[in-house]
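**Q** This is the content of target39.cif (mmCIF, C-alpha atoms):
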data_data
loop_
_atom_site.label_atom_id
_atom_site.label_comp_id
_atom_site.auth_asym_id
_atom_site.auth_seq_id
_atom_site.Cartn_x
_atom_site.Cartn_y
_atom_site.Cartn_z
CA GLY A 234 0.00 0.00 0.00
CA GLY A 235 1.06 3.57 0.64
CA PRO A 236 1.84 6.25 -1.93
CA ASP A 237 3.77 4.04 -4.35
CA GLY A 238 1.31 4.44 -7.24
CA GLY A 239 2.43 7.70 -8.79
CA ALA A 240 6.03 8.61 -9.37
CA ALA A 241 7.52 5.15 -8.97
CA GLN A 242 5.31 3.74 -11.69
CA GLY A 243 7.60 4.79 -14.50
CA SER A 244 10.39 2.45 -13.47
CA GLY A 245 8.33 -0.71 -13.89
CA ALA A 246 11.15 -2.66 -12.27
CA GLN A 247 9.22 -4.60 -9.69
CA ASP A 248 6.45 -6.98 -10.61
CA THR A 249 3.83 -7.11 -7.88
CA GLY A 250 2.61 -10.61 -8.60
CA GLY A 251 -0.99 -10.05 -9.61
CA THR A 252 -0.53 -7.22 -12.06
CA THR A 253 2.04 -6.94 -14.80
CA THR A 254 3.34 -3.79 -16.39
CA GLY A 255 2.35 -3.12 -19.98
CA ALA A 256 5.72 -4.17 -21.35
CA ALA A 257 5.50 -7.53 -19.61
CA VAL A 258 2.27 -8.69 -21.23
CA PRO A 259 3.41 -11.33 -23.76
CA LEU A 260 0.56 -10.79 -26.20
CA THR A 261 -1.15 -8.15 -28.30
CA VAL A 262 -4.87 -7.81 -28.97
CA ASN A 263 -6.04 -5.98 -32.10
CA THR A 264 -9.72 -5.05 -31.80
CA ARG A 265 -12.16 -4.35 -34.65
CA PRO A 266 -15.16 -2.89 -32.79
CA TYR A 267 -17.74 -3.01 -35.61
CA VAL A 268 -17.46 -6.09 -37.81
CA TYR A 269 -19.79 -6.18 -40.82
CA ASP A 270 -20.77 -9.82 -41.06
CA ASP A 271 -22.92 -9.14 -44.10
CA PRO A 272 -23.92 -5.88 -45.80
CA CYS A 273 -26.96 -5.38 -43.56
CA SER A 274 -25.64 -6.55 -40.23
CA GLN A 275 -24.38 -3.35 -38.63
CA HIS A 276 -26.98 -0.84 -37.48
CA PHE A 277 -26.31 2.25 -35.38
CA LEU A 278 -28.63 4.29 -33.18
CA VAL A 279 -28.01 8.04 -33.58
CA ASP A 280 -29.72 10.89 -31.71
CA SER A 281 -30.16 12.91 -34.93
CA GLU A 282 -32.61 13.24 -37.79
CA PRO A 283 -31.62 11.80 -41.21
CA ALA A 284 -30.81 15.22 -42.69
CA GLN A 285 -28.05 15.64 -40.07
CA VAL A 286 -26.49 12.23 -40.65
CA GLY A 287 -23.94 11.58 -43.39
CA PRO A 288 -23.88 8.54 -45.68
CA PRO A 289 -23.16 5.14 -44.12
CA ALA A 290 -19.58 4.10 -43.43
CA SER A 291 -17.59 1.07 -44.49
CA GLU A 292 -16.37 -1.22 -41.72
CA GLN A 293 -12.97 0.46 -41.86
CA ASP A 294 -14.54 3.89 -41.30
CA ALA A 295 -17.18 2.77 -38.82
CA PRO A 296 -15.24 3.76 -35.66
CA ARG A 297 -14.76 7.28 -37.05
CA TRP A 298 -18.40 7.50 -38.18
CA ALA A 299 -19.71 6.27 -34.83
CA ALA A 300 -17.53 8.74 -32.94
CA ALA A 301 -18.60 11.63 -35.15
CA TYR A 302 -22.33 11.03 -34.56
CA GLY A 303 -22.18 9.66 -31.02
CA ALA A 304 -23.58 6.45 -32.48
CA VAL A 305 -24.31 3.28 -30.50
CA SER A 306 -24.57 -0.23 -31.97
CA SER A 307 -28.21 -1.20 -32.45
CA GLY A 308 -29.41 -4.60 -31.25
CA GLU A 309 -26.18 -6.46 -31.90
CA GLN A 310 -22.48 -5.65 -32.04
CA GLU A 311 -19.88 -7.94 -33.56
CA VAL A 312 -16.34 -7.44 -32.29
CA ALA A 313 -13.28 -9.22 -33.75
CA LEU A 314 -10.20 -9.82 -31.59
CA THR A 315 -6.89 -10.81 -33.16
CA VAL A 316 -4.68 -12.18 -30.38
CA GLN A 317 -0.99 -12.84 -31.01
CA GLY A 318 1.99 -13.70 -28.82
CA THR A 319 4.88 -11.25 -28.78
CA GLY A 320 7.76 -13.58 -27.94
CA GLU A 321 9.09 -17.07 -28.43
CA GLU A 322 6.98 -18.72 -25.76
CA THR A 323 3.43 -19.95 -26.17
CA VAL A 324 0.75 -17.97 -24.35
CA VAL A 325 -2.33 -19.76 -23.09
CA LEU A 326 -5.57 -17.76 -23.34
CA GLU A 327 -7.40 -19.12 -20.32
CA ALA A 328 -10.78 -17.41 -20.54
CA LEU A 329 -12.67 -14.49 -22.02
CA HIS A 330 -15.10 -12.64 -19.73
CA VAL A 331 -17.63 -9.89 -20.32
CA ARG A 332 -18.10 -7.08 -17.79
CA VAL A 333 -21.28 -5.02 -17.84
CA LEU A 334 -20.47 -1.51 -16.58
CA SER A 335 -23.96 -0.02 -16.92
CA LYS A 336 -27.39 -1.10 -18.08
CA GLY A 337 -30.25 1.29 -18.75
CA ALA A 338 -33.42 1.76 -20.76
CA PRO A 339 -33.00 1.40 -24.54
CA LEU A 340 -32.09 4.60 -26.35
CA ALA A 341 -35.02 6.40 -28.00
CA TRP A 342 -32.93 7.27 -31.06
CA ASN A 343 -33.17 6.60 -34.80
CA ASP A 344 -31.79 3.38 -36.30
CA TYR A 345 -29.44 3.73 -39.31
CA SER A 346 -28.35 0.72 -41.38
CA MET A 347 -24.75 0.61 -42.64
CA GLY A 348 -25.85 -1.48 -45.64
CA VAL A 349 -22.82 -0.71 -47.82
CA GLY A 350 -19.90 -2.89 -48.78
CA CYS A 351 -19.33 -6.43 -47.61
CA GLY A 352 -17.45 -7.85 -44.69
CA GLY A 353 -15.61 -11.14 -44.76
CA GLY A 354 -17.44 -14.30 -43.72
CA VAL A 355 -17.07 -15.02 -40.05
CA GLY A 356 -14.48 -17.54 -38.97
CA THR A 357 -15.30 -20.53 -36.85
CA LYS A 358 -14.20 -19.08 -33.54
CA SER A 359 -17.41 -17.24 -32.72
CA PHE A 360 -18.82 -16.44 -29.31
CA ASP A 361 -22.16 -15.09 -28.11
CA ILE A 362 -22.97 -12.68 -25.27
CA ASP A 363 -26.56 -12.15 -24.15
CA LEU A 364 -26.26 -8.71 -22.56
CA ASP A 365 -29.79 -8.96 -21.13
CA LYS A 366 -28.84 -11.75 -18.74
CA GLY A 367 -28.20 -10.92 -15.10
CA SER A 368 -24.61 -12.17 -15.30
CA PRO A 369 -23.73 -12.44 -19.00
CA THR A 370 -21.07 -14.90 -20.11
CA VAL A 371 -19.06 -15.38 -23.28
CA THR A 372 -20.50 -18.58 -24.79
CA ALA A 373 -18.99 -20.60 -27.65
CA LYS A 374 -21.40 -20.89 -30.58
CA ASN A 375 -21.84 -23.26 -33.53
CA GLY A 376 -20.70 -26.18 -31.40
CA GLN A 377 -17.06 -25.07 -31.48
CA ARG A 378 -14.75 -25.56 -28.55
CA ASP A 379 -14.46 -23.11 -25.69
CA PHE A 380 -11.32 -21.58 -24.14
CA PRO A 381 -8.46 -22.24 -23.44
CA TYR A 382 -6.65 -21.45 -26.71
CA LYS A 383 -2.93 -21.11 -27.38
CA VAL A 384 -1.21 -18.34 -29.34
CA SER A 385 2.36 -17.43 -30.21
CA GLU A 386 4.06 -14.87 -32.40
CA SER A 387 3.73 -17.10 -35.47
CA ASP A 388 0.30 -18.50 -34.58
CA PRO A 389 -2.35 -15.85 -33.84
CA GLU A 390 -6.05 -16.51 -33.28
CA VAL A 391 -9.06 -14.43 -34.34
CA PHE A 392 -12.17 -14.49 -32.16
CA TYR A 393 -15.55 -13.07 -33.20
CA VAL A 394 -17.79 -11.93 -30.34
CA PHE A 395 -21.49 -11.25 -30.97
CA ALA A 396 -23.09 -9.18 -28.20
CA ARG A 397 -26.87 -8.78 -28.32
CA THR A 398 -29.53 -6.94 -26.36
CA GLN A 399 -33.29 -6.73 -26.90
CA ALA A 400 -34.19 -4.75 -23.80
CA HIS A 401 -31.37 -2.46 -22.61
CA ASP A 402 -28.71 0.14 -23.36
CA VAL A 403 -25.53 -1.59 -22.20
CA ARG A 404 -21.95 -0.40 -21.71
CA TRP A 405 -19.60 -3.37 -21.57
CA ASP A 406 -16.04 -4.52 -22.09
CA LEU A 407 -14.08 -7.77 -22.19
CA THR A 408 -11.24 -9.20 -20.12
CA LEU A 409 -8.88 -11.90 -21.36
CA ASP A 410 -7.07 -14.08 -18.81
CA TRP A 411 -3.71 -15.38 -20.01
CA SER A 412 -0.81 -17.42 -18.68
CA SER A 413 2.71 -18.09 -19.92
CA GLY A 414 4.91 -20.35 -17.87
CA SER A 415 4.64 -19.14 -14.30
CA ARG A 416 3.31 -15.73 -15.32
CA ARG A 417 -0.34 -14.84 -15.62
CA GLY A 418 -2.41 -11.73 -16.06
CA THR A 419 -5.54 -10.15 -17.46
CA VAL A 420 -5.88 -7.84 -20.47
CA ARG A 421 -8.81 -5.42 -20.70
CA ILE A 422 -10.33 -5.15 -24.18
CA ASP A 423 -12.51 -2.19 -25.18
CA ASN A 424 -13.19 0.22 -28.02
CA ALA A 425 -9.98 2.27 -28.17
CA GLY A 426 -10.18 3.31 -24.53
CA THR A 427 -13.95 3.58 -24.14
CA THR A 428 -16.41 0.84 -23.36
CA PHE A 429 -18.32 -1.00 -26.04
CA ARG A 430 -21.93 0.20 -26.09
CA THR A 431 -24.89 -1.66 -27.54
CA SER A 432 -28.55 -0.70 -27.20
CA ALA A 433 -31.80 -2.41 -28.12
CA ASP A 434 -33.61 -0.46 -30.80
CA ALA A 435 -37.06 -0.85 -29.15
CA GLY A 436 -39.12 -0.24 -32.28
CA ARG A 437 -37.35 2.97 -33.25
CA PRO A 438 -37.75 4.53 -36.72
CA GLY A 439 -35.30 2.91 -39.14
CA TYR A 440 -33.49 4.40 -42.14
CA ASP A 441 -31.63 2.82 -45.06
CA TYR A 442 -29.30 4.48 -47.56
CA PRO A 443 -29.99 2.88 -50.97
CA LEU A 444 -26.99 2.05 -53.13
CA GLY A 445 -26.43 4.89 -55.54
CA GLY A 446 -28.86 7.04 -53.56
CA SER A 447 -28.10 10.37 -51.96
CA GLU A 448 -30.25 10.39 -48.83
CA TRP A 449 -31.63 8.25 -46.01
CA ILE A 450 -35.00 6.63 -46.76
CA ALA A 451 -37.41 5.56 -44.02
CA ARG A 452 -37.50 1.78 -43.67
CA GLU A 453 -40.81 0.11 -44.49
CA GLY A 454 -42.67 -1.38 -41.56
CA GLY A 455 -41.00 0.82 -38.95
#
Output the file's structure as structure tokens, nothing else.
**A**
Amino acid sequence: GGPDGGAAQGSGAQDTGGTTTGAAVPLTVNTRPYVYDDPCSQHFLVDSEPAQVGPPASEQDAPRWAAAYGAVSSGEQEVALTVQGTGEETVVLEALHVRVLSKGAPLAWNDYSMGVGCGGGVGTKSFDIDLDKGSPTVTAKNGQRDFPYKVSESDPEVFYVFARTQAHDVRWDLTLDWSSGSRRGTVRIDNAGTTFRTSADAGRPGYDYPLGGSEWIAREGG
């Protein structure tokens, strides 16, 4: 205890058992926060009318687009994690956990479909999260095997996580437990420093941007 958090932190010389300094984590995680599984999969809720919202974004531009409009994933969010070791030794990925940081009423915003361009087909390592559950868990889908997995520098893994909600506005992130030899730790995974956020659309007005069109068109049937 005591006041050893601040100034001494820069040295990073001593390892206090439970936590490891950033340099000591033997893996990297590259996060794609908005994966387009098919052209119509990604929807965003935005607190603006269609005239104020620019054309839909490709998957590559989705983080920028979402930030610009304060957008929140609608109904489902697919996140891809590419996990790779950084050194010679194999790293065991022990478990992937979801943490719900807040849960509120669904956002009463407009739903915009990003129906442009195509994403790649999803790999086999797919996991589901039901954000409406009291204690959500990361569940293997399609009958594939659950954690643990092993990675190294030459042998990365890609995990696809599908988080869904039909009743709430949820802020959430992920934690990945790893071990390598006698060392172990936990890596927090989020959307470039902020939590992931997914909200049910709760029958909100929906808008599509037709290919070759120049404006948002109200979706039929609400």
**Q** So, counting only C-alpha atoms, which residue among A:Val324, A:Leu278, A:Val268, A:Leu364 is closest to Ser415 in chain A?
**A**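 For Ser415 in chain A, the nearest of the given residues is A:Val324.
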**Q** Which value, in Å to one decimal, gives the distance between CA of Ala373 in chain A and CA of Leu334 in chain A?
**A**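 Here the two named atoms are 22.1 Å from each other.
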**Q** Which one is closest to Ser359 in chain A: A:Asp344, A:Asp280, A:His330, A:Val391? Count all atoms listed in the file.
**A**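 Going through A:Asp344, A:Asp280, A:His330, A:Val391 one by one, the smallest distance to Ser359 in chain A is for A:Val391.
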**Q** Would you compute the distance between CA of Thr261 in chain A and CA of Met347 in chain A? Give it in Å to one decimal.
**A**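 These atoms are spaced 29.0 Å apart.
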**Q** Do you know which residues the PyMOL selection byres ((chain A and resi 392) around 9) returns on this file, as a list in words?
**A**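 That expression, the PyMOL selection byres ((chain A and resi 392) around 9), corresponds here to Val312, Ala313, Leu314, Thr315, Val316, Gly356, Thr357, Lys358, Ser359, Phe360, Glu390, Val391, Tyr393 and Val394 of chain A.
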**Q** Check the smallest atom-to-atom distance from each of A:Val325, A:Leu407, A:Ala295, A:Ala338 to Ala435 in chain A using all atoms listed in the file, then report the winner.
**A** A:Ala338
**Q** Using CA of Ile362 in chain A and CA of Ala396 in chain A as the two end points, give the distance in Å to one decimal.
**A**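 Rounded to one decimal, the two atoms are 4.6 Å apart.
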**Q** List the residues matched by the PyMOL selection byres ((chain A and resi 431) around 7) in the displayed structure as a ChimeraX atom specification, ordered by chain and then by residue number.
**A** /A:305-310,402-404,429-430,432-433
**Q** Residues within 8 Å of Thr323 in chain A, please, as a list in words. Count all atoms listed in the file; anything in the same chain fewer than 5 positions from it doesn't count.
**A** Gly318, Lys383, Val384, Ser385 and Ser413 of chain A
**Q** Next, the residues of the selection above should be written as a PDB file, keeping the file's coordinate frame with C-alpha atoms.
**A**
ATOM      1  CA  GLY A 318       1.990 -13.700 -28.820  1.00  0.00           C
ATOM      2  CA  LYS A 383      -2.930 -21.110 -27.380  1.00  0.00           C
ATOM      3  CA  VAL A 384      -1.210 -18.340 -29.340  1.00  0.00           C
ATOM      4  CA  SER A 385       2.360 -17.430 -30.210  1.00  0.00           C
ATOM      5  CA  SER A 413       2.710 -18.090 -19.920  1.00  0.00           C
TER       6      SER A 413
END
**Q** Which of these residues is nearest to Thr319 in chain A, using only C-alpha atoms: A:Pro389, A:Pro289, A:Pro381, A:Gly426?
**A**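 Smallest distance to Thr319 in chain A is found for A:Pro389.
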**Q** Using all atoms listed in the file, which residue out of A:Pro339, A:Gly303, A:Gly348, A:Pro259 lies closest to Tyr442 in chain A?
**A**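 Closest residue, counting all atoms listed in the file: A:Gly348.
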**Q** Nearest residue to Trp342 in chain A out of A:Asp361, A:Asp434, A:Glu386, A:Asp441, using all atoms listed in the file?
**A**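 So, comparing all the options, the nearest one is A:Asp434.
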**Q** Please list as a PyMOL selection string every residue within 8 Å of Ser346 in chain A, counting all atoms listed in the file and excluding residues in the same chain fewer than 5 positions away.
**A** chain A and resi 273-277+289+439-442
**Q** Take the PyMOL selection byres ((chain A and resi 446-455) around 9), apply it to the structure above, and return the hits as a PyMOL selection string.
**A** chain A and resi 283-284+286-288+345+436-445
**Q** So that I can check the surroundings of Asn424 in chain A, please list as a list in words every protein, DNA and RNA residue that reaches within 8 Å of it, counting all atoms listed in the file and ignoring chain neighbours fewer than 3 positions away.
**A**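 Those residues are Thr264, Pro266, Thr427, Thr428 and Phe429 of chain A.
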